[in-house]
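Peer 1: My structure is in work-v5.tsv, and what it holds is TSV, C-alpha atoms:
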```tsv
chain	number	residue	atom	x	y	z
A	12	MET	CA	-12.50	-7.14	15.91
A	13	ARG	CA	-9.67	-8.13	13.58
A	14	ILE	CA	-8.84	-5.93	10.61
A	15	GLY	CA	-6.45	-7.00	7.87
A	16	LEU	CA	-4.51	-4.07	6.43
A	17	ILE	CA	-2.79	-4.14	3.04
A	18	ALA	CA	-1.21	-1.43	0.88
A	19	ASP	CA	0.81	-0.82	-2.26
A	20	ILE	CA	-0.06	-3.91	-4.29
A	21	HIS	CA	1.28	-2.23	-7.43
A	22	GLY	CA	-0.11	-4.65	-9.98
A	23	ASN	CA	1.42	-7.75	-8.40
A	24	CYS	CA	-1.36	-10.33	-8.14
A	25	ILE	CA	1.01	-13.18	-7.23
A	26	ALA	CA	2.02	-11.29	-4.09
A	27	LEU	CA	-1.59	-10.32	-3.38
A	28	ASP	CA	-2.78	-13.92	-3.60
A	29	ALA	CA	-0.01	-15.00	-1.20
A	30	ILE	CA	-1.18	-12.37	1.30
A	31	LEU	CA	-4.84	-13.31	0.89
A	32	ALA	CA	-4.02	-16.95	1.64
A	33	GLU	CA	-2.37	-15.87	4.89
A	34	LEU	CA	-5.24	-13.55	5.79
A	35	ALA	CA	-7.72	-16.40	5.33
A	36	ARG	CA	-5.89	-18.22	8.11
A	37	GLU	CA	-5.88	-15.05	10.22
A	38	ARG	CA	-9.71	-15.00	10.18
A	39	VAL	CA	-10.01	-11.23	9.96
A	40	ASN	CA	-13.41	-9.56	10.22
A	41	GLU	CA	-12.60	-6.95	7.59
A	42	LEU	CA	-9.92	-6.21	5.01
A	43	ILE	CA	-8.96	-2.62	4.17
A	44	CYS	CA	-6.61	-1.66	1.33
A	45	LEU	CA	-4.60	1.54	1.65
A	46	GLY	CA	-4.16	2.32	-2.02
A	47	ASP	CA	-1.72	2.04	-4.95
A	48	VAL	CA	-3.32	-1.11	-6.30
A	49	ALA	CA	-2.57	-1.47	-10.02
A	50	ALA	CA	0.14	0.81	-11.41
A	51	LEU	CA	3.84	-0.17	-11.67
A	52	GLY	CA	3.38	-3.94	-11.85
A	53	PRO	CA	2.80	-6.68	-14.43
A	54	GLN	CA	-0.76	-7.69	-13.44
A	55	PRO	CA	-2.80	-4.47	-13.05
A	56	GLY	CA	-6.06	-5.87	-14.40
A	57	ALA	CA	-5.84	-9.06	-12.35
A	58	VAL	CA	-5.31	-7.09	-9.15
A	59	ILE	CA	-8.33	-4.88	-9.78
A	60	ALA	CA	-10.46	-7.92	-10.60
A	61	ARG	CA	-9.38	-9.60	-7.36
A	62	LEU	CA	-10.15	-6.54	-5.25
A	63	ARG	CA	-13.56	-6.16	-6.84
A	64	THR	CA	-14.34	-9.78	-6.06
A	65	LEU	CA	-13.27	-9.24	-2.45
A	66	GLY	CA	-15.40	-6.12	-2.13
A	67	CYS	CA	-12.98	-4.59	0.38
A	68	PRO	CA	-12.80	-0.80	0.77
A	69	VAL	CA	-9.79	0.87	-0.86
A	70	VAL	CA	-8.40	4.37	-0.30
A	71	MET	CA	-7.01	6.45	-3.16
A	72	GLY	CA	-3.23	6.26	-3.58
A	73	ASN	CA	-1.00	8.50	-5.66
A	74	THR	CA	-0.43	5.89	-8.39
A	75	ASP	CA	-4.15	5.08	-8.44
A	76	ALA	CA	-4.70	8.70	-9.38
A	77	TRP	CA	-2.16	8.31	-12.21
A	78	LEU	CA	-4.63	5.92	-13.86
A	79	LEU	CA	-7.32	8.61	-14.00
A	80	ALA	CA	-7.43	11.16	-16.79
A	81	SER	CA	-6.64	14.15	-14.57
A	82	ARG	CA	-3.36	12.68	-13.28
A	83	ARG	CA	-2.07	10.51	-16.12
A	84	ALA	CA	0.95	12.71	-16.84
A	85	ASP	CA	2.16	13.17	-13.28
A	86	PRO	CA	4.99	15.74	-13.36
A	87	ALA	CA	6.60	14.34	-10.22
A	88	TYR	CA	7.64	11.19	-12.08
A	89	ALA	CA	7.95	12.47	-15.67
A	90	HIS	CA	11.76	12.37	-15.32
A	91	ASP	CA	11.74	8.72	-14.20
A	92	ARG	CA	11.71	6.77	-17.47
A	93	PRO	CA	11.02	3.26	-16.05
A	94	MET	CA	8.16	4.43	-13.84
A	95	ALA	CA	6.66	6.57	-16.59
A	96	ALA	CA	6.82	3.73	-19.13
A	97	ILE	CA	5.35	1.14	-16.77
A	98	ALA	CA	2.59	3.48	-15.59
A	99	ALA	CA	1.62	4.21	-19.21
A	100	TRP	CA	1.58	0.48	-20.04
A	101	CYS	CA	-0.53	-0.33	-16.97
A	102	ASN	CA	-3.05	2.24	-18.09
A	103	THR	CA	-3.44	0.42	-21.42
A	104	GLN	CA	-4.19	-2.83	-19.59
A	105	LEU	CA	-7.26	-1.41	-17.83
A	106	SER	CA	-10.77	-1.02	-19.14
A	107	ALA	CA	-12.95	2.04	-18.73
A	108	ASP	CA	-14.86	0.06	-16.11
A	109	ASP	CA	-11.62	-0.63	-14.23
A	110	ARG	CA	-10.81	3.08	-14.15
A	111	ALA	CA	-14.35	3.90	-13.04
A	112	TYR	CA	-13.81	1.52	-10.13
A	113	VAL	CA	-10.52	3.25	-9.21
A	114	ALA	CA	-12.30	6.62	-9.31
A	115	THR	CA	-14.57	5.47	-6.46
A	116	PHE	CA	-11.68	5.22	-3.99
A	117	PRO	CA	-12.12	7.76	-1.15
A	118	PRO	CA	-9.16	9.71	0.31
A	119	VAL	CA	-9.73	8.27	3.80
A	120	ILE	CA	-11.67	5.47	5.48
A	121	GLU	CA	-12.75	5.71	9.12
A	122	ARG	CA	-13.82	3.00	11.57
A	123	SER	CA	-15.01	3.16	15.16
A	124	CYS	CA	-13.10	0.91	17.55
A	125	GLY	CA	-15.54	1.27	20.44
A	126	ARG	CA	-13.92	2.03	23.78
A	127	ARG	CA	-10.47	1.81	22.15
A	128	GLY	CA	-11.10	4.91	20.03
A	129	SER	CA	-11.13	5.09	16.26
A	130	LEU	CA	-9.18	4.08	13.17
A	131	LEU	CA	-8.32	6.37	10.26
A	132	CYS	CA	-6.97	4.83	7.03
A	133	PHE	CA	-5.23	6.79	4.27
A	134	HIS	CA	-2.41	6.38	1.74
A	135	GLY	CA	0.29	9.00	2.42
A	136	SER	CA	-1.46	11.09	5.05
A	137	PRO	CA	-5.05	12.31	5.58
A	138	ARG	CA	-4.01	15.55	3.91
A	139	SER	CA	-2.51	14.08	0.74
A	140	PHE	CA	-1.70	10.72	-0.81
A	141	ASP	CA	1.67	12.24	-1.80
A	142	ASP	CA	2.78	12.84	1.81
A	143	ALA	CA	5.39	10.49	3.27
A	144	ILE	CA	5.23	9.80	7.00
A	145	ILE	CA	8.39	8.13	8.27
A	146	ALA	CA	10.01	7.51	11.65
A	147	THR	CA	11.96	10.77	11.47
A	148	THR	CA	9.21	13.09	10.19
A	149	PRO	CA	9.30	16.11	12.56
A	150	ASP	CA	6.39	16.33	14.98
A	151	ASP	CA	5.44	19.80	13.72
A	152	ASP	CA	5.21	18.50	10.15
A	153	LEU	CA	3.07	15.59	11.32
A	154	ASP	CA	0.74	17.99	13.12
A	155	VAL	CA	0.11	19.75	9.81
A	156	MET	CA	-0.46	16.49	7.91
A	157	LEU	CA	-2.92	15.21	10.53
A	158	GLU	CA	-4.73	18.50	11.20
A	159	GLY	CA	-8.48	18.06	11.53
A	160	TYR	CA	-8.34	14.36	12.42
A	161	ASP	CA	-8.30	12.97	15.94
A	162	ALA	CA	-8.37	9.18	15.45
A	163	THR	CA	-6.43	7.22	18.04
A	164	MET	CA	-4.95	4.91	15.39
A	165	MET	CA	-3.85	6.18	11.99
A	166	VAL	CA	-2.67	3.77	9.31
A	167	GLY	CA	-1.21	4.30	5.86
A	168	GLY	CA	1.19	3.07	3.22
A	169	HIS	CA	3.12	4.89	0.44
A	170	THR	CA	6.65	4.49	1.86
A	171	HIS	CA	6.66	0.66	1.53
A	172	ILE	CA	8.40	0.48	4.92
A	173	GLN	CA	6.59	-1.04	7.92
A	174	MET	CA	6.48	1.29	10.91
A	175	LEU	CA	4.86	1.85	14.31
A	176	ARG	CA	5.28	5.32	15.76
A	177	ARG	CA	3.64	7.18	18.61
A	178	HIS	CA	2.74	10.81	17.92
A	179	ARG	CA	1.09	12.85	20.68
A	180	ASP	CA	-1.77	10.56	21.82
A	181	ARG	CA	-1.99	8.63	18.54
A	182	GLN	CA	-0.43	5.51	17.09
A	183	ILE	CA	0.86	5.96	13.53
A	184	ILE	CA	1.11	2.70	11.58
A	185	ASN	CA	2.54	1.83	8.17
A	186	VAL	CA	1.76	-1.68	6.95
A	187	GLY	CA	4.47	-1.88	4.26
A	188	SER	CA	3.90	-3.08	0.70
A	189	VAL	CA	2.24	-6.17	-0.72
A	190	GLY	CA	3.60	-6.01	-4.23
A	191	LEU	CA	6.73	-3.84	-4.36
A	192	PRO	CA	8.48	-3.68	-0.98
A	193	GLY	CA	11.87	-2.96	-2.56
A	194	ILE	CA	11.21	0.71	-3.30
A	195	GLY	CA	8.91	3.39	-1.91
A	196	ALA	CA	8.34	7.11	-1.66
A	197	VAL	CA	11.46	7.82	0.42
A	198	LEU	CA	14.77	6.29	1.40
A	199	PRO	CA	15.81	3.91	2.88
A	200	TYR	CA	14.75	1.05	0.61
A	201	ASN	CA	14.50	-2.58	1.66
A	202	ARG	CA	17.17	-4.84	0.15
A	203	ALA	CA	17.31	-8.46	-1.02
A	204	VAL	CA	13.50	-8.42	-1.10
A	205	HIS	CA	11.75	-11.79	-1.41
A	206	TRP	CA	8.56	-11.19	0.52
A	207	ALA	CA	5.17	-9.45	0.61
A	208	GLU	CA	3.95	-7.46	3.62
A	209	TYR	CA	0.73	-6.79	5.51
A	210	ALA	CA	-0.52	-6.13	9.05
A	211	VAL	CA	-3.39	-7.21	11.30
A	212	LEU	CA	-5.01	-4.91	13.85
A	213	ASP	CA	-6.75	-6.60	16.80
A	214	VAL	CA	-9.07	-4.39	18.83
A	215	ASP	CA	-11.27	-5.31	21.79
A	216	ASP	CA	-12.46	-3.51	24.91
A	217	ASP	CA	-9.32	-4.44	26.84
A	218	ASP	CA	-6.48	-4.27	24.35
A	219	THR	CA	-5.22	-3.11	20.97
A	220	ARG	CA	-2.53	-5.05	19.09
A	221	ILE	CA	-0.86	-4.52	15.73
A	222	THR	CA	1.13	-7.36	14.18
A	223	PHE	CA	3.36	-6.93	11.13
A	224	HIS	CA	3.81	-9.82	8.72
A	225	ARG	CA	6.12	-10.79	5.88
A	226	VAL	CA	5.20	-13.66	3.56
A	227	ALA	CA	7.95	-15.34	1.55
A	228	LEU	CA	7.44	-15.32	-2.22
A	229	ASP	CA	8.74	-17.50	-5.04
A	230	VAL	CA	10.53	-14.59	-6.68
A	231	GLU	CA	11.72	-16.59	-9.70
A	232	ASN	CA	8.16	-17.65	-10.53
A	233	MET	CA	6.97	-14.08	-10.04
A	234	VAL	CA	9.70	-12.78	-12.36
A	235	GLU	CA	8.85	-15.35	-15.04
A	236	THR	CA	5.21	-14.27	-14.88
A	237	ALA	CA	6.27	-10.65	-15.20
A	238	TYR	CA	8.41	-11.27	-18.29
A	239	ALA	CA	5.47	-13.09	-19.92
A	240	SER	CA	3.21	-10.07	-19.34
A	241	GLY	CA	4.81	-7.76	-21.90
A	242	MET	CA	5.38	-5.00	-19.34
A	243	PRO	CA	8.18	-2.60	-20.36
A	244	GLU	CA	11.25	-1.80	-18.25
A	245	LEU	CA	11.20	-5.24	-16.67
A	246	ASP	CA	14.92	-5.26	-15.91
A	247	TRP	CA	14.35	-2.25	-13.66
A	248	TRP	CA	11.35	-3.88	-11.96
A	249	VAL	CA	13.23	-7.16	-11.43
A	250	SER	CA	16.18	-5.29	-9.93
A	251	LEU	CA	13.93	-4.10	-7.10
A	252	TRP	CA	13.51	-7.73	-6.05
A	253	LYS	CA	17.17	-8.66	-6.39
A	254	ARG	CA	19.00	-5.95	-4.51
A	255	GLY	CA	22.14	-7.20	-2.78
```
Could I get this file's structure written as structure tokens?
Peer 2:
Amino acid sequence: MRIGLIADIHGNCIALDAILAELARERVNELICLGDVAALGPQPGAVIARLRTLGCPVVMGNTDAWLLASRRADPAYAHDRPMAAIAAWCNTQLSADDRAYVATFPPVIERSCGRRGSLLCFHGSPRSFDDAIIATTPDDDLDVMLEGYDATMMVGGHTHIQMLRRHRDRQIINVGSVGLPGIGAVLPYNRAVHWAEYAVLDVDDDDTRITFHRVALDVENMVETAYASGMPELDWWVSLWKRG
């Protein structure tokens, strides 16, 4: 079984299409998206349309929840003018049907991996899409975030930083970001970003393998497309792709 794993598309359909082209060559059996699909990028509607065409399962991310009525004015980011302005603009680009689709995202997705155990997919952690699991998260804090779940492989996004970490008898995986790998929920940030990220999980009766991938992007073309979209705060967004 081969599972393609993507996260944090953030309204960047150019990056998503680059990843999907690579995944077609990978011949995965299933694609799972780990949330944050539309907000904070110049192509929110196009990304949602692409995901709906694919029919892949998607977990609820924190910025997905921003697009729903109950979370539109998220206090955690009210002080961040660029994020607040872009999130508000993205919301205007979506139809009621688009938001109804986002509302169907579950908090977790589970898969059996036969003799190799099980897979649990989430955004931040199984407890909350706002949690950030990083390489230095204390074990005791992780125990609280993962309480009630015993999957052998746990995979998420949110931080935009690829990671493989062992915790107790589990593997904790972060697949990075498709559409905005220059900034995430916590420091450190990637720099001089010109790529999109994803991972592939291979599971059979004898072995389990996770491979992390980066796909080079034509950043100048992506930036030109973004400026043509009418999205506000574009200088801030472009700066995330041109860090020195």
Peer 1: Taking all atoms of stretch 18-30 of chain A that the file lists, what box with edges along x, y and z, padded by 3 Å per side, do you get, with centre and edge lengths in Å to one decimal, as AutoDock Vina command-line options?
Peer 2:
```
--center_x -0.4 --center_y -7.9 --center_z -4.3 --size_x 10.8 --size_y 20.2 --size_z 17.3
```
Peer 1: Which residues are near A:Asn201? Cut-off 12 Å, only C-alpha atoms, ignore same chain within fewer than 3 positions. Put them as a list in words.
Peer 2: Thr170, His171, Ile172, Gln173, Gly187, Ser188, Leu191, Pro192, Gly193, Ile194, Gly195, Ala196, Val197, Leu198, Val204, His205, Trp206, Ala207, Glu208, Leu251, Trp252, Lys253, Arg254 and Gly255 of chain A
Peer 1: Counting only C-alpha atoms, which residues of stretch 73-183 of chain A sit at most 8 Å from some atom of stretch 14-36 of chain A, and what is each one's closest atom pair with its distance in Å to one decimal, listed by chain and rising residue number, as a Markdown table?
Peer 2:
```
| residue | atom | partner | partner_atom | distance |
| --- | --- | --- | --- | --- |
| A:His134 | CA | A:Ala18 | CA | 7.9 |
| A:Gly167 | CA | A:Ala18 | CA | 7.6 |
| A:Gly168 | CA | A:Ala18 | CA | 5.6 |
| A:His169 | CA | A:Asp19 | CA | 6.7 |
| A:His171 | CA | A:Asp19 | CA | 7.1 |
```
Peer 1: Calculate how many Å separate atom CA of A:Arg38 from atom CA of A:Phe140, rounding to one decimal.
Peer 2: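 Result for atom CA of A:Arg38 versus atom CA of A:Phe140: 29.1 Å, one decimal.
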Peer 1: Show me the residues close to (6.7, 6.9, 18.7) - anything with an atom within 12 Å, counting all atoms listed in the file - and format the list as a list in words.
Peer 2: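 Within the cut-off we find Ile145, Ala146, Thr147, Thr148, Pro149, Asp150, Leu153, Met174, Leu175, Arg176, Arg177, His178, Arg179, Asp180, Arg181, Gln182, Ile183 and Ile184 of chain A.
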Peer 1: Considering all atoms listed in the file, state which residue in the set A:Leu42, A:Cys101, A:Val186, A:Met164 is at the smallest distance from A:Cys124.
Peer 2: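 So, comparing all the options, the nearest one is A:Met164.
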Peer 1: Counting all atoms listed in the file, figure out which residue out of A:Glu121, A:Asp75, A:Asp215, A:Asp142 gets nearest to A:Ile43.
Peer 2: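 With all atoms listed in the file as the atom set, the closest residue is A:Glu121.
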Peer 1: Which is closest to A:Ala143 among A:Thr163, A:Leu51, A:Asn73, A:Leu131, if we use all atoms listed in the file?
Peer 2: A:Asn73
Peer 1: Restricting the calculation to all atoms listed in the file, which member of A:Val113, A:Ala76, A:Val48, A:Leu105 is positioned closest to A:Asp141?
Peer 2: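 Under the stated criterion, the closest residue is A:Ala76.
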Peer 1: Go through A:Asp229, A:Glu244, A:Asp213, A:Asp152 and flag the residue nearest A:Asn40, using all atoms listed in the file for the distances.
Peer 2: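 Of all the options, A:Asp213 lies closest to A:Asn40.
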Peer 1: So how many Å separate atom CA of A:Ala227 and atom CA of A:Ala95, to one decimal?
Peer 2: 28.5 Å
Peer 1: Name the residues, using the chain letters and numbers of the file, that sit within 8 Å of (-1.1, 16.2, 8.1) when counting all atoms listed in the file, and give them as a list in words.
Peer 2: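 Looking at atoms near the point gives Ser136, Pro137, Arg138, Ser139, Asp152, Leu153, Asp154, Val155, Met156, Leu157 and Glu158 of chain A.
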Peer 1: Write out as number ranges by chain each polymer residue whose atoms come within 12 Å of A:Ala237, counting only C-alpha atoms; drop sequence neighbours fewer than 2 positions from it.
Peer 2: A: 22-26, 51-55, 97, 230-235, 239-249
Peer 1: Compare A:Gly159, A:Gly190, A:Gly66, A:Gly128 by their minimum atom-to-atom distance to A:Asp218, counting all atoms listed in the file, and give me the closest one.
Peer 2: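 Of A:Gly159, A:Gly190, A:Gly66, A:Gly128, the one nearest A:Asp218 is A:Gly128, counting all atoms listed in the file.
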Peer 1: In Å to one decimal, how far is atom CA of A:Cys44 from atom CA of A:Leu65?
Peer 2: 10.8 Å
Peer 1: Rebuild all heavy atoms on stretch 211-222 of chain A, as a short mmCIF file (atom, residue, chain, number, x, y, z; two decimals), in the frame of the given file?
Peer 2:
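Heads up, here's the output in result-v6.cif:
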```cif
data_model
loop_
_atom_site.label_atom_id
_atom_site.label_comp_id
_atom_site.auth_asym_id
_atom_site.auth_seq_id
_atom_site.Cartn_x
_atom_site.Cartn_y
_atom_site.Cartn_z
N VAL A 211 -2.08 -6.90 10.73
CA VAL A 211 -3.39 -7.21 11.30
C VAL A 211 -3.55 -6.40 12.57
O VAL A 211 -2.67 -6.40 13.45
CB VAL A 211 -3.53 -8.72 11.62
CG1 VAL A 211 -4.86 -8.98 12.33
CG2 VAL A 211 -3.45 -9.54 10.34
N LEU A 212 -4.67 -5.70 12.67
CA LEU A 212 -5.01 -4.91 13.85
C LEU A 212 -6.09 -5.65 14.63
O LEU A 212 -7.16 -5.95 14.10
CB LEU A 212 -5.52 -3.53 13.44
CG LEU A 212 -5.96 -2.60 14.57
CD1 LEU A 212 -4.78 -2.19 15.44
CD2 LEU A 212 -6.64 -1.36 13.99
N ASP A 213 -5.79 -5.97 15.90
CA ASP A 213 -6.75 -6.60 16.80
C ASP A 213 -7.21 -5.56 17.81
O ASP A 213 -6.38 -4.94 18.49
CB ASP A 213 -6.10 -7.76 17.56
CG ASP A 213 -5.88 -8.98 16.69
OD1 ASP A 213 -6.84 -9.74 16.51
OD2 ASP A 213 -4.76 -9.17 16.19
N VAL A 214 -8.52 -5.38 17.90
CA VAL A 214 -9.07 -4.39 18.83
C VAL A 214 -10.21 -5.03 19.62
O VAL A 214 -11.12 -5.63 19.04
CB VAL A 214 -9.61 -3.15 18.08
CG1 VAL A 214 -10.17 -2.14 19.08
CG2 VAL A 214 -8.53 -2.51 17.23
N ASP A 215 -10.13 -4.95 20.95
CA ASP A 215 -11.27 -5.31 21.79
C ASP A 215 -11.34 -4.30 22.93
O ASP A 215 -10.57 -3.34 22.98
CB ASP A 215 -11.18 -6.76 22.28
CG ASP A 215 -9.91 -7.05 23.07
OD1 ASP A 215 -9.48 -6.19 23.89
OD2 ASP A 215 -9.33 -8.14 22.90
N ASP A 216 -12.26 -4.50 23.85
CA ASP A 216 -12.46 -3.51 24.91
C ASP A 216 -11.26 -3.39 25.83
O ASP A 216 -11.09 -2.37 26.50
CB ASP A 216 -13.70 -3.87 25.74
CG ASP A 216 -15.00 -3.57 25.00
OD1 ASP A 216 -14.94 -2.80 24.01
OD2 ASP A 216 -16.05 -4.11 25.39
N ASP A 217 -10.42 -4.43 25.89
CA ASP A 217 -9.32 -4.44 26.84
C ASP A 217 -7.96 -4.17 26.23
O ASP A 217 -7.01 -3.85 26.95
CB ASP A 217 -9.27 -5.80 27.56
CG ASP A 217 -10.56 -6.09 28.32
OD1 ASP A 217 -11.06 -5.17 29.00
OD2 ASP A 217 -11.06 -7.23 28.22
N ASP A 218 -7.82 -4.31 24.92
CA ASP A 218 -6.48 -4.27 24.35
C ASP A 218 -6.54 -3.90 22.88
O ASP A 218 -7.56 -4.07 22.21
CB ASP A 218 -5.82 -5.64 24.51
CG ASP A 218 -4.31 -5.59 24.34
OD1 ASP A 218 -3.76 -4.47 24.28
OD2 ASP A 218 -3.68 -6.66 24.26
N THR A 219 -5.42 -3.37 22.39
CA THR A 219 -5.22 -3.11 20.97
C THR A 219 -3.85 -3.65 20.59
O THR A 219 -2.86 -3.35 21.26
CB THR A 219 -5.28 -1.60 20.66
OG1 THR A 219 -6.54 -1.07 21.07
CG2 THR A 219 -5.08 -1.34 19.19
N ARG A 220 -3.80 -4.45 19.51
CA ARG A 220 -2.53 -5.05 19.09
C ARG A 220 -2.39 -4.91 17.58
O ARG A 220 -3.34 -5.13 16.83
CB ARG A 220 -2.48 -6.54 19.45
CG ARG A 220 -2.58 -6.81 20.93
CD ARG A 220 -2.66 -8.30 21.24
NE ARG A 220 -3.85 -8.93 20.67
CZ ARG A 220 -5.07 -8.83 21.19
NH1 ARG A 220 -5.26 -8.13 22.29
NH2 ARG A 220 -6.11 -9.43 20.61
N ILE A 221 -1.18 -4.54 17.14
CA ILE A 221 -0.86 -4.52 15.73
C ILE A 221 0.26 -5.52 15.49
O ILE A 221 1.26 -5.52 16.22
CB ILE A 221 -0.46 -3.10 15.25
CG1 ILE A 221 -0.21 -3.07 13.74
CG2 ILE A 221 0.73 -2.55 16.02
CD1 ILE A 221 -1.45 -3.11 12.89
N THR A 222 0.08 -6.40 14.52
CA THR A 222 1.13 -7.36 14.18
C THR A 222 1.51 -7.16 12.73
O THR A 222 0.65 -7.06 11.85
CB THR A 222 0.69 -8.81 14.41
OG1 THR A 222 -0.54 -9.05 13.72
CG2 THR A 222 0.49 -9.07 15.89
#
```
